[in-house]
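J.: Handing you this structure, nothing more for now.
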Amino acid sequence: MEQLIIALGWAGLYGPMALGAIGSIIGCAIAGQAAIGALLETETGHGRFIGLSAMPSSQSIYGIVVMFSLQRPVTEATSAGLFSVGLLAGVALLLSAVYQGSCCASAINSAKSKPEIFGLSIAPAAIVEGFGVFAFIFALVIGGDIPLQ
């Protein structure tokens with residue numbers, strides 16, 4: 001049983017980075033596919049579509065920072081906290097990145113037909129980013145309470 005508890009602690013330690021990266025991969029792919037489609041249908045403005053498709057990549061960075069902030073010995077005393085904070089933050093970052101990619105794809109699809117709404121169309125993606133930032137900050141704050149030994 002002790003080995004399972006320790007293994008869960010390790011999963012929690014590296015979970016935010018791995019899950020954030022998986023979400024970023026999926027989110028960037030969703031938005032990137034929309035950007036590629038927009039390249040075929042528009043004459044200008046390609047750079048902003050490509051740039052917007054990279055927006056979900058920030059969750060990978062948040063996951064890396066959370067992982068580093070949780071660095072401490074993995075023991076029976078720390079495993080539950082590491083697992084809980086790491087896994088829940090990682091899932092929140094994953095979902096944030098995926099849904100942000102969907103918002104970015106919608107913004108790209110709307111702006112290719114009506115370029116003047118580009119700025120407004122990225123607002124939903126920014127709101128979803130905000131929830132990723134909330135998960136990031138909460139993980140940093142709560143993770144600070146996990147004992148060091």
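Scheme for the structure tokens: letters A, B, ... for chains in order shown; per-chain residue numbers from 1; ligand numbers from 1 in order shown.
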Find the residues near segment 99-113 of chain A: any atom within 12 Å, counting only C-alpha atoms, skip ones fewer than 4 places away on the same chain, and give them as a ChimeraX atom specification.
T.: /A:23-59,92-95,117-132
J.: Using atom CA of Ile61 of chain A and atom CA of Ser79 of chain A as the two end points, give the distance in Å to one decimal.
T.: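 Separating atom CA of Ile61 of chain A from atom CA of Ser79 of chain A is a distance of 23.0 Å.
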J.: When you draw a straight line from atom CA of Pro73 of chain A to atom CA of Val133 of chain A, how long is it in Å?
T.: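 So the two atoms, atom CA of Pro73 of chain A and atom CA of Val133 of chain A, lie 26.0 Å apart.
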J.: Between A:Arg72, A:Ser96, A:Val85, A:Tyr62, which one has atoms that come closest to Phe136 of chain A, using only C-alpha atoms?
T.: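 Checking each of A:Arg72, A:Ser96, A:Val85, A:Tyr62 against Phe136 of chain A, counting only C-alpha atoms, the winner is A:Tyr62.
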J.: Counting only C-alpha atoms, which residue out of A:Leu148, A:Ile142, A:Met67, A:Ala97 sits closest to Gly15 of chain A?
T.: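 Ranked by minimum distance to Gly15 of chain A, first place goes to A:Met67.
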J.: Between A:Gly12, A:Ser60, A:Val66, A:Glu116, which residue has the minimum interatomic distance to Gly86 of chain A, considering only C-alpha atoms?
T.: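 For Gly86 of chain A, the nearest of the given residues is A:Gly12.
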J.: When you draw a straight line from atom CA of Met17 of chain A to atom CA of Phe138 of chain A, how long is it in Å?
T.: 15.4 Å
